[in-house]
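Shown below: structure-v2.cif, with mmCIF, C-alpha atoms.
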```cif
data_run
#
loop_
_atom_site.label_atom_id
_atom_site.label_comp_id
_atom_site.auth_asym_id
_atom_site.auth_seq_id
_atom_site.Cartn_x
_atom_site.Cartn_y
_atom_site.Cartn_z
CA MET A 227 3.25 -42.05 -108.93
CA TYR A 228 0.37 -44.33 -109.92
CA SER A 229 0.62 -46.03 -113.32
CA PHE A 230 -1.97 -45.93 -116.08
CA ASN A 231 0.86 -46.63 -118.51
CA ASN A 232 0.11 -50.27 -119.36
CA ASP A 233 -1.81 -53.39 -118.31
CA TYR A 234 1.18 -55.45 -117.20
CA SER A 235 2.77 -53.27 -114.49
CA GLU A 236 1.64 -55.62 -111.74
CA GLY A 237 2.73 -59.24 -111.35
CA ALA A 238 -0.16 -61.67 -111.62
CA HIS A 239 -3.55 -62.36 -110.13
CA PRO A 240 -3.19 -63.92 -106.64
CA GLN A 241 -5.07 -67.03 -107.78
CA ILE A 242 -2.37 -67.66 -110.39
CA ILE A 243 0.46 -67.03 -107.92
CA GLU A 244 -1.16 -69.45 -105.46
CA ALA A 245 -1.42 -72.13 -108.16
CA LEU A 246 2.23 -71.70 -109.10
CA ILE A 247 3.29 -71.98 -105.45
CA LYS A 248 1.07 -75.01 -104.85
CA THR A 249 2.56 -76.88 -107.83
CA ASN A 250 6.12 -75.63 -107.37
CA MET A 251 7.61 -78.93 -106.17
CA GLU A 252 5.81 -81.13 -108.68
CA GLN A 253 7.97 -83.06 -111.12
CA THR A 254 6.58 -82.94 -114.64
CA ALA A 255 7.70 -83.53 -118.21
CA GLY A 256 9.28 -80.54 -119.94
CA TYR A 257 8.62 -78.55 -123.11
CA SER A 258 4.82 -78.39 -122.67
CA GLU A 259 4.38 -82.15 -122.66
CA ASP A 260 3.10 -82.18 -119.08
CA TYR A 261 -0.40 -82.82 -117.76
CA HIS A 262 -0.96 -79.16 -116.84
CA THR A 263 -0.51 -78.21 -120.49
CA GLU A 264 -2.84 -81.02 -121.51
CA ASN A 265 -5.46 -79.73 -119.09
CA ALA A 266 -5.03 -76.09 -120.13
CA VAL A 267 -5.46 -77.06 -123.79
CA THR A 268 -8.60 -79.02 -122.91
CA LEU A 269 -10.07 -76.04 -121.05
CA ILE A 270 -9.33 -73.66 -123.94
CA LYS A 271 -10.90 -76.05 -126.45
CA LYS A 272 -13.96 -76.26 -124.21
CA HIS A 273 -14.34 -72.47 -124.20
CA ILE A 274 -14.05 -72.18 -127.98
CA ARG A 275 -16.29 -75.24 -128.44
CA GLN A 276 -13.96 -76.79 -130.97
CA ASP A 277 -11.77 -79.88 -130.58
CA ASN A 278 -10.16 -79.81 -134.00
CA VAL A 279 -7.66 -77.05 -133.21
CA ALA A 280 -4.00 -77.05 -132.18
CA VAL A 281 -3.14 -75.02 -129.07
CA HIS A 282 0.41 -73.90 -128.23
CA ILE A 283 1.25 -71.69 -125.24
CA LEU A 284 4.18 -69.31 -125.74
CA THR A 285 5.65 -66.63 -123.53
CA GLY A 286 4.83 -63.34 -125.27
CA GLY A 287 2.94 -61.61 -128.06
CA THR A 288 5.87 -60.65 -130.27
CA GLN A 289 7.18 -64.20 -130.04
CA VAL A 290 3.79 -65.60 -131.09
CA ASN A 291 3.44 -63.14 -133.97
CA LEU A 292 6.85 -63.76 -135.49
CA THR A 293 6.71 -67.54 -134.96
CA ALA A 294 3.21 -67.91 -136.40
CA ILE A 295 3.64 -65.57 -139.36
CA ALA A 296 7.02 -67.06 -140.29
CA ALA A 297 5.52 -70.56 -140.11
CA PHE A 298 2.37 -69.72 -142.06
CA LEU A 299 4.00 -67.87 -144.96
CA ARG A 300 6.23 -69.02 -147.81
CA PRO A 301 9.44 -66.98 -148.34
CA HIS A 302 7.96 -64.64 -151.00
CA GLN A 303 4.75 -63.86 -149.11
CA ALA A 304 3.77 -60.85 -146.99
CA ALA A 305 1.40 -59.80 -144.22
CA ILE A 306 -1.22 -57.05 -144.54
CA CYS A 307 -2.10 -54.91 -141.52
CA VAL A 308 -3.10 -51.40 -140.45
CA SER A 309 -0.35 -48.85 -139.90
CA SER A 310 -0.86 -48.84 -136.11
CA ALA A 311 -0.61 -52.66 -135.87
CA HIS A 312 1.79 -54.10 -133.33
CA ILE A 313 3.76 -56.01 -135.98
CA ASN A 314 4.24 -52.77 -137.91
CA VAL A 315 5.19 -50.44 -135.04
CA HIS A 316 6.25 -52.15 -131.83
CA GLU A 317 8.10 -55.31 -132.77
CA THR A 318 11.47 -53.94 -133.94
CA GLY A 319 11.03 -55.37 -137.41
CA ALA A 320 10.54 -58.91 -136.06
CA ILE A 321 8.37 -59.97 -138.99
CA GLU A 322 10.74 -58.47 -141.54
CA ALA A 323 13.61 -60.21 -139.75
CA THR A 324 11.97 -63.55 -140.60
CA GLY A 325 12.08 -62.53 -144.28
CA HIS A 326 8.48 -61.39 -144.70
CA LYS A 327 7.43 -57.88 -145.70
CA VAL A 328 4.71 -56.07 -143.74
CA LEU A 329 2.28 -54.15 -145.98
CA SER A 330 0.46 -51.49 -143.96
CA VAL A 331 -2.62 -49.39 -144.69
CA ASN A 332 -3.76 -46.23 -142.92
CA THR A 333 -6.93 -46.12 -140.83
CA GLN A 334 -8.34 -43.75 -138.24
CA ASP A 335 -9.77 -46.37 -135.90
CA GLY A 336 -7.12 -49.12 -136.02
CA LYS A 337 -9.38 -51.54 -137.91
CA ILE A 338 -8.94 -53.01 -141.37
CA THR A 339 -11.71 -53.57 -143.92
CA PRO A 340 -12.14 -55.72 -147.04
CA THR A 341 -11.79 -52.59 -149.19
CA LEU A 342 -8.42 -51.76 -147.65
CA ILE A 343 -7.24 -55.34 -148.12
CA LYS A 344 -8.38 -55.28 -151.75
CA ASN A 345 -6.39 -52.09 -152.37
CA VAL A 346 -3.22 -53.90 -151.29
CA LEU A 347 -4.03 -56.90 -153.50
CA ASP A 348 -4.62 -54.61 -156.47
CA GLU A 349 -1.21 -53.00 -155.97
CA HIS A 350 0.64 -56.34 -155.95
CA THR A 351 0.03 -57.91 -159.31
CA ASP A 352 2.92 -60.18 -160.26
CA GLU A 353 6.04 -62.04 -159.21
CA HIS A 354 8.14 -58.88 -159.21
CA MET A 355 6.49 -57.92 -155.91
CA VAL A 356 5.85 -59.76 -152.68
CA GLN A 357 2.63 -61.74 -152.64
CA PRO A 358 0.10 -60.59 -149.99
CA LYS A 359 -1.02 -63.75 -148.23
CA LEU A 360 -1.88 -63.10 -144.57
CA VAL A 361 -4.15 -60.48 -143.02
CA TYR A 362 -3.17 -59.53 -139.47
CA ILE A 363 -5.72 -57.89 -137.16
CA SER A 364 -5.86 -57.19 -133.42
CA ASP A 365 -8.85 -57.34 -131.10
CA SER A 366 -8.88 -55.07 -129.26
CA THR A 367 -6.80 -52.90 -131.59
CA GLU A 368 -3.81 -50.74 -130.69
CA LEU A 369 -6.28 -47.84 -130.47
CA GLY A 370 -8.67 -49.62 -128.11
CA THR A 371 -11.37 -50.29 -130.69
CA ILE A 372 -13.00 -53.67 -131.25
CA TYR A 373 -14.31 -55.67 -134.20
CA ARG A 374 -18.02 -56.41 -134.29
CA LYS A 375 -19.17 -59.81 -135.53
CA SER A 376 -20.39 -58.40 -138.85
CA GLU A 377 -17.00 -56.76 -139.44
CA LEU A 378 -15.03 -59.92 -138.70
CA GLU A 379 -17.40 -61.98 -140.84
CA ALA A 380 -16.90 -59.59 -143.77
CA ILE A 381 -13.10 -59.79 -143.43
CA SER A 382 -13.22 -63.57 -143.05
CA ASN A 383 -15.38 -64.01 -146.14
CA PHE A 384 -13.11 -61.73 -148.19
CA CYS A 385 -10.03 -63.66 -147.09
CA LYS A 386 -11.61 -66.98 -148.01
CA GLN A 387 -12.67 -65.66 -151.43
CA ASN A 388 -9.15 -64.41 -152.11
CA ASN A 389 -7.20 -67.33 -150.63
CA LEU A 390 -5.77 -65.22 -147.80
CA LEU A 391 -4.96 -66.34 -144.26
CA LEU A 392 -6.59 -64.44 -141.39
CA PHE A 393 -4.59 -64.15 -138.17
CA LEU A 394 -5.91 -62.39 -135.05
CA ASP A 395 -3.60 -60.95 -132.40
CA GLY A 396 -5.42 -61.43 -129.10
CA ALA A 397 -2.98 -59.84 -126.68
CA ARG A 398 -5.95 -57.85 -125.34
CA LEU A 399 -8.67 -60.24 -126.46
CA GLY A 400 -10.06 -60.45 -122.93
CA SER A 401 -10.74 -56.72 -122.90
CA ALA A 402 -12.38 -56.92 -126.33
CA LEU A 403 -14.62 -59.85 -125.42
CA CYS A 404 -15.71 -58.18 -122.18
CA SER A 405 -16.52 -54.83 -123.78
CA THR A 406 -20.16 -53.84 -123.33
CA GLU A 407 -20.27 -53.23 -127.10
CA ASN A 408 -18.87 -56.64 -128.07
CA ASP A 409 -20.99 -59.26 -129.82
CA LEU A 410 -18.22 -61.78 -130.60
CA THR A 411 -17.45 -64.96 -128.69
CA LEU A 412 -14.35 -67.16 -128.62
CA GLU A 413 -16.40 -69.68 -130.58
CA ASP A 414 -17.11 -67.07 -133.29
CA ILE A 415 -13.45 -66.16 -133.56
CA ALA A 416 -12.35 -69.79 -133.88
CA ARG A 417 -14.91 -70.20 -136.68
CA LEU A 418 -13.94 -67.05 -138.60
CA VAL A 419 -10.12 -66.93 -138.47
CA ASP A 420 -7.35 -69.34 -139.41
CA ALA A 421 -5.37 -68.72 -136.22
CA PHE A 422 -5.56 -66.45 -133.19
CA TYR A 423 -4.13 -66.16 -129.75
CA ILE A 424 -5.51 -65.54 -126.29
CA GLY A 425 -3.43 -63.07 -124.33
CA GLY A 426 -2.50 -63.79 -120.74
CA THR A 427 0.33 -61.30 -120.16
CA LYS A 428 -2.02 -58.30 -120.40
CA ASN A 429 -4.89 -60.04 -118.66
CA GLY A 430 -3.76 -61.17 -115.23
CA ALA A 431 -1.02 -63.71 -115.97
CA LEU A 432 2.68 -63.35 -115.22
CA PHE A 433 3.33 -64.11 -118.88
CA GLY A 434 1.93 -66.29 -121.63
CA GLU A 435 -0.17 -66.28 -124.80
CA ALA A 436 -2.18 -69.27 -126.02
CA LEU A 437 -2.00 -69.65 -129.79
CA VAL A 438 -4.96 -71.46 -131.36
CA ILE A 439 -4.43 -72.79 -134.90
CA CYS A 440 -7.74 -73.55 -136.58
CA LYS A 441 -6.74 -74.26 -140.19
CA ASP A 442 -5.46 -77.81 -140.62
CA SER A 443 -2.74 -76.98 -143.15
CA LEU A 444 -1.07 -74.60 -140.67
CA LYS A 445 -0.73 -77.13 -137.86
CA GLU A 446 1.94 -79.44 -139.27
CA ASP A 447 5.38 -79.29 -137.64
CA PHE A 448 4.50 -76.16 -135.67
CA ARG A 449 6.46 -77.27 -132.61
CA TYR A 450 9.56 -77.29 -134.82
CA PHE A 451 8.96 -73.62 -135.59
CA ILE A 452 8.47 -72.82 -131.90
CA LYS A 453 11.75 -74.50 -131.01
CA GLN A 454 13.66 -72.83 -133.85
CA LYS A 455 12.44 -69.39 -132.73
CA GLY A 456 13.45 -70.03 -129.12
CA GLY A 457 9.91 -70.33 -127.84
CA LEU A 458 9.76 -73.92 -126.59
CA LEU A 459 10.08 -73.30 -122.86
CA ALA A 460 11.67 -76.15 -120.90
CA LYS A 461 9.43 -75.37 -117.91
CA GLY A 462 6.37 -75.18 -120.12
CA ARG A 463 4.09 -76.12 -117.26
CA LEU A 464 4.58 -72.61 -115.82
CA LEU A 465 2.72 -71.25 -118.83
CA ALA A 466 0.02 -73.90 -118.69
CA ILE A 467 -0.77 -73.53 -114.98
CA GLN A 468 -1.62 -69.88 -115.57
CA PHE A 469 -4.07 -70.72 -118.35
CA GLU A 470 -5.55 -73.49 -116.22
CA GLU A 471 -6.44 -70.85 -113.64
CA LEU A 472 -7.63 -68.31 -116.21
CA PHE A 473 -10.04 -70.79 -117.82
CA ARG A 474 -10.91 -73.16 -114.98
CA GLU A 475 -13.91 -70.95 -114.27
CA ASN A 476 -14.30 -67.30 -115.33
CA LEU A 477 -11.10 -65.62 -114.12
CA PHE A 478 -10.03 -64.67 -117.67
CA PHE A 479 -13.28 -62.77 -118.18
CA ASP A 480 -13.55 -61.40 -114.64
CA VAL A 481 -10.18 -59.63 -114.71
CA ALA A 482 -10.85 -58.18 -118.18
CA THR A 483 -14.24 -56.91 -117.04
CA HIS A 484 -12.62 -55.11 -114.11
CA ALA A 485 -10.01 -53.47 -116.36
CA ASN A 486 -12.72 -52.24 -118.73
CA LYS A 487 -14.87 -50.96 -115.87
CA MET A 488 -12.01 -48.84 -114.52
CA ALA A 489 -11.27 -47.41 -117.97
CA ILE A 490 -14.90 -46.51 -118.63
CA GLN A 491 -15.09 -44.64 -115.32
CA ILE A 492 -12.16 -42.51 -116.47
CA LYS A 493 -13.68 -42.10 -119.94
CA ASN A 494 -17.01 -40.92 -118.54
CA ALA A 495 -15.30 -38.38 -116.28
CA LEU A 496 -13.34 -37.00 -119.24
CA LEU A 497 -16.51 -36.74 -121.33
CA GLU A 498 -18.29 -34.95 -118.50
CA ASN A 499 -15.44 -32.44 -118.44
CA GLY A 500 -15.88 -31.78 -122.16
CA PHE A 501 -12.87 -33.62 -123.56
CA SER A 502 -12.84 -35.58 -126.82
CA PHE A 503 -11.02 -38.78 -127.81
CA VAL A 504 -8.94 -40.05 -130.70
CA THR A 505 -11.16 -43.14 -130.90
CA ASP A 506 -14.36 -44.28 -129.25
CA SER A 507 -12.94 -47.08 -127.14
CA SER A 508 -15.03 -49.36 -124.94
CA THR A 509 -11.99 -51.28 -123.68
CA ASN A 510 -9.19 -50.74 -121.18
CA GLN A 511 -7.26 -48.35 -123.41
CA GLN A 512 -8.45 -44.73 -123.64
CA PHE A 513 -6.99 -41.98 -125.82
CA PRO A 514 -8.27 -38.58 -124.62
CA ILE A 515 -7.16 -35.27 -126.15
CA LEU A 516 -6.05 -32.87 -123.41
CA PRO A 517 -4.38 -29.47 -123.13
CA ASN A 518 -0.62 -29.82 -122.75
CA SER A 519 -0.79 -27.77 -119.55
CA LEU A 520 -3.19 -30.29 -117.99
CA ILE A 521 -1.07 -33.22 -119.20
CA GLU A 522 1.95 -31.66 -117.48
CA LYS A 523 0.07 -31.35 -114.18
CA LEU A 524 -1.31 -34.90 -114.29
CA SER A 525 2.11 -36.34 -115.16
CA LYS A 526 3.47 -35.17 -111.82
CA LYS A 527 1.30 -37.75 -110.09
CA TYR A 528 0.42 -40.37 -112.72
CA LEU A 529 2.32 -42.41 -115.28
CA PHE A 530 0.87 -42.56 -118.80
CA SER A 531 2.19 -42.21 -122.34
CA ILE A 532 1.82 -39.43 -124.89
CA ASN A 533 0.12 -40.86 -127.96
CA SER A 534 0.53 -37.99 -130.42
CA ALA A 535 0.57 -34.21 -130.70
CA ILE A 536 -2.76 -32.84 -131.97
CA ASP A 537 -1.70 -29.21 -132.36
CA GLU A 538 0.54 -26.72 -130.60
CA THR A 539 -1.48 -26.72 -127.39
CA THR A 540 -3.09 -30.17 -127.17
CA SER A 541 -2.00 -33.81 -127.33
CA SER A 542 -3.59 -37.21 -127.03
CA ILE A 543 -2.47 -39.47 -124.23
CA ARG A 544 -2.97 -43.19 -123.63
CA LEU A 545 -4.50 -44.29 -120.34
CA VAL A 546 -4.49 -48.04 -119.69
CA THR A 547 -6.16 -49.91 -116.84
CA SER A 548 -5.54 -53.50 -115.74
CA TRP A 549 -6.92 -56.41 -113.74
CA ALA A 550 -5.30 -54.84 -110.67
CA THR A 551 -6.21 -51.16 -111.16
CA ASP A 552 -7.25 -49.73 -107.81
CA GLU A 553 -10.69 -48.09 -107.99
CA THR A 554 -9.71 -45.61 -105.29
CA LYS A 555 -6.84 -44.46 -107.53
CA VAL A 556 -9.26 -44.10 -110.42
CA ARG A 557 -11.51 -41.87 -108.30
CA GLU A 558 -8.45 -39.91 -107.20
CA PHE A 559 -7.41 -39.39 -110.80
CA ILE A 560 -10.92 -38.17 -111.64
CA GLU A 561 -10.85 -35.72 -108.72
CA ASP A 562 -7.42 -34.43 -109.75
CA LEU A 563 -8.65 -34.05 -113.32
CA ALA A 564 -11.58 -31.94 -112.13
#
```

Turn the structure described in the file into structure tokens.
Amino acid sequence: MYSFNNDYSEGAHPQIIEALIKTNMEQTAGYSEDYHTENAVTLIKKHIRQDNVAVHILTGGTQVNLTAIAAFLRPHQAAICVSSAHINVHETGAIEATGHKVLSVNTQDGKITPTLIKNVLDEHTDEHMVQPKLVYISDSTELGTIYRKSELEAISNFCKQNNLLLFLDGARLGSALCSTENDLTLEDIARLVDAFYIGGTKNGALFGEALVICKDSLKEDFRYFIKQKGGLLAKGRLLAIQFEELFRENLFFDVATHANKMAIQIKNALLENGFSFVTDSSTNQQFPILPNSLIEKLSKKYLFSINSAIDETTSSIRLVTSWATDETKVREFIEDLA
């Protein structure tokens, strides 16, 4: 069985493993106060071309989301997101467990718009309801789509005009930035949002997400929040070394480009065979609609997840490629499909 089920099945890029082995016997300070963390933060700031940010490296996406949102919001405030958002579907109520309501809106493509945000604001009018305060988006989204610069600028401007915080989940930011349809840069994102994170777990690292806080008022005491939520790793250098390797040169972008390339090969083969998709994704997640009989045959040889039932005879599946996806296995999948 070959897996197209997720982008974290494999361990880590060999370059990262080599760096971890090479530094294994070093003695460093704990809790991300070591020189590897300092260097990783410097490299990230260099890539986003902004020094006036706070960078914290945590272990996983859910941990970053709940820690950041709980820190950024006052007790009566809530987060706005699309219905397919990770915080709304796949985090076991982590945000609600911190005392903050998640207000979701329905979309077909996994992306939010100023109009959808305004609808939520219009529905929450006084102190008898939670106060919408933070807008949560993902790039790429849970449906593989990406935000164009004009879209993110429109959301950013709306949030500023309405005194809302804008937080971007970047678990698959590498795939979004390396999409052939992308026109955003890390520098753009740092300029347009109040906080975002750069995903390592789903882009070649063993684990780790680098949270970048851009808005000054959100930076104060953030390490206290990390510690309280169990995220201040004693061996913090293990997180930092991975981001050193990802951003020392172009590894972060190289591995994401490979994952996208593999996914687009599969997408093109499906299109050539006449199949349609739930969304038009240019990233490493693809959601084709296939006959259930074909899904059953493919599942005997490949791992993937069922996204949703379309009708009695067809369903959409999710195919995910990674930094380590073997191109020969992609060609084999395409041949089996045919």

Residues matched by the PyMOL selection byres ((chain A and resi 535-541) around 9) as a PDB file with C-alpha atoms, keeping the file's coordinate frame:
```pdb
ATOM      1  CA  PRO A 514      -8.270 -38.580-124.620  1.00  0.00           C
ATOM      2  CA  ILE A 515      -7.160 -35.270-126.150  1.00  0.00           C
ATOM      3  CA  LEU A 516      -6.050 -32.870-123.410  1.00  0.00           C
ATOM      4  CA  PRO A 517      -4.380 -29.470-123.130  1.00  0.00           C
ATOM      5  CA  ASN A 518      -0.620 -29.820-122.750  1.00  0.00           C
ATOM      6  CA  SER A 519      -0.790 -27.770-119.550  1.00  0.00           C
ATOM      7  CA  ILE A 521      -1.070 -33.220-119.200  1.00  0.00           C
ATOM      8  CA  ILE A 532       1.820 -39.430-124.890  1.00  0.00           C
ATOM      9  CA  ASN A 533       0.120 -40.860-127.960  1.00  0.00           C
ATOM     10  CA  SER A 534       0.530 -37.990-130.420  1.00  0.00           C
ATOM     11  CA  SER A 542      -3.590 -37.210-127.030  1.00  0.00           C
ATOM     12  CA  ILE A 543      -2.470 -39.470-124.230  1.00  0.00           C
TER      13      ILE A 543
END
```

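Going from atom CA of A:Leu545 over to atom CA of A:Ala311, you cover 18.1 Å.
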
Applying 12 Å and only C-alpha atoms, which residues near stretch 351-355 of chain A remain after dropping the ones on its own chain fewer than 3 positions away? List them as a PDB file with C-alpha atoms, in the frame of the given file.
```pdb
ATOM      1  CA  HIS A 302       7.960 -64.640-151.000  1.00  0.00           C
ATOM      2  CA  GLN A 303       4.750 -63.860-149.110  1.00  0.00           C
ATOM      3  CA  ALA A 304       3.770 -60.850-146.990  1.00  0.00           C
ATOM      4  CA  HIS A 326       8.480 -61.390-144.700  1.00  0.00           C
ATOM      5  CA  LYS A 327       7.430 -57.880-145.700  1.00  0.00           C
ATOM      6  CA  LEU A 329       2.280 -54.150-145.980  1.00  0.00           C
ATOM      7  CA  LYS A 344      -8.380 -55.280-151.750  1.00  0.00           C
ATOM      8  CA  ASN A 345      -6.390 -52.090-152.370  1.00  0.00           C
ATOM      9  CA  VAL A 346      -3.220 -53.900-151.290  1.00  0.00           C
ATOM     10  CA  LEU A 347      -4.030 -56.900-153.500  1.00  0.00           C
ATOM     11  CA  ASP A 348      -4.620 -54.610-156.470  1.00  0.00           C
ATOM     12  CA  PRO A 358       0.100 -60.590-149.990  1.00  0.00           C
TER      13      PRO A 358
END
```

Inset, instruction - Identify all residues satisfying the PyMOL selection byres ((chain A and resi 476-487) around 10) in the given file; provide them as a ChimeraX atom specification. - result: /A:233,239,241-242,398-406,424-426,428-431,469-475,488-493,507-512,546-553

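Take the PyMOL selection byres ((chain A and resi 420) around 7) and apply it to this file: it picks Leu391, Leu392, Phe393, Val419, Ala421, Ile439, Cys440 and Lys441 of chain A.
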
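Distance-wise, atom CA of A:Gln334 and atom CA of A:Asn232 end up 21.7 Å apart.
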
task = Name the residues, using the chain letters and numbers of the file, that sit within 12 Å of (2.1, -69.5, -120.3) when counting all atoms listed in the file, and give them as a VMD selection string.
result = chain A and resid 238 242 246 257 to 258 262 to 263 266 to 267 281 to 287 290 423 to 437 457 to 472

Please report the interatomic distance between atom CA of A:Glu236 and atom CA of A:Phe530 in Å with one decimal.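 Separating atom CA of A:Glu236 from atom CA of A:Phe530 is a distance of 14.9 Å.
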
Within 9 Å of stretch 312-323 of chain A, which residues of stretch 351-447 of chain A show up? Give each one with its shortest atom-to-atom distance in Å (one decimal) and the two atoms involved, counting all atoms listed in the file, rows by chain then rising residue number, as a tab-separated table.
```
residue	atom	partner	partner_atom	distance
A:Tyr362	CA	A:Ile313	CA	8.5
A:Ser364	CA	A:His312	CA	8.3
A:Thr367	CA	A:His312	CA	8.8
A:Glu368	CA	A:His312	CA	7.0
A:Asp395	CA	A:His312	CA	8.8
```
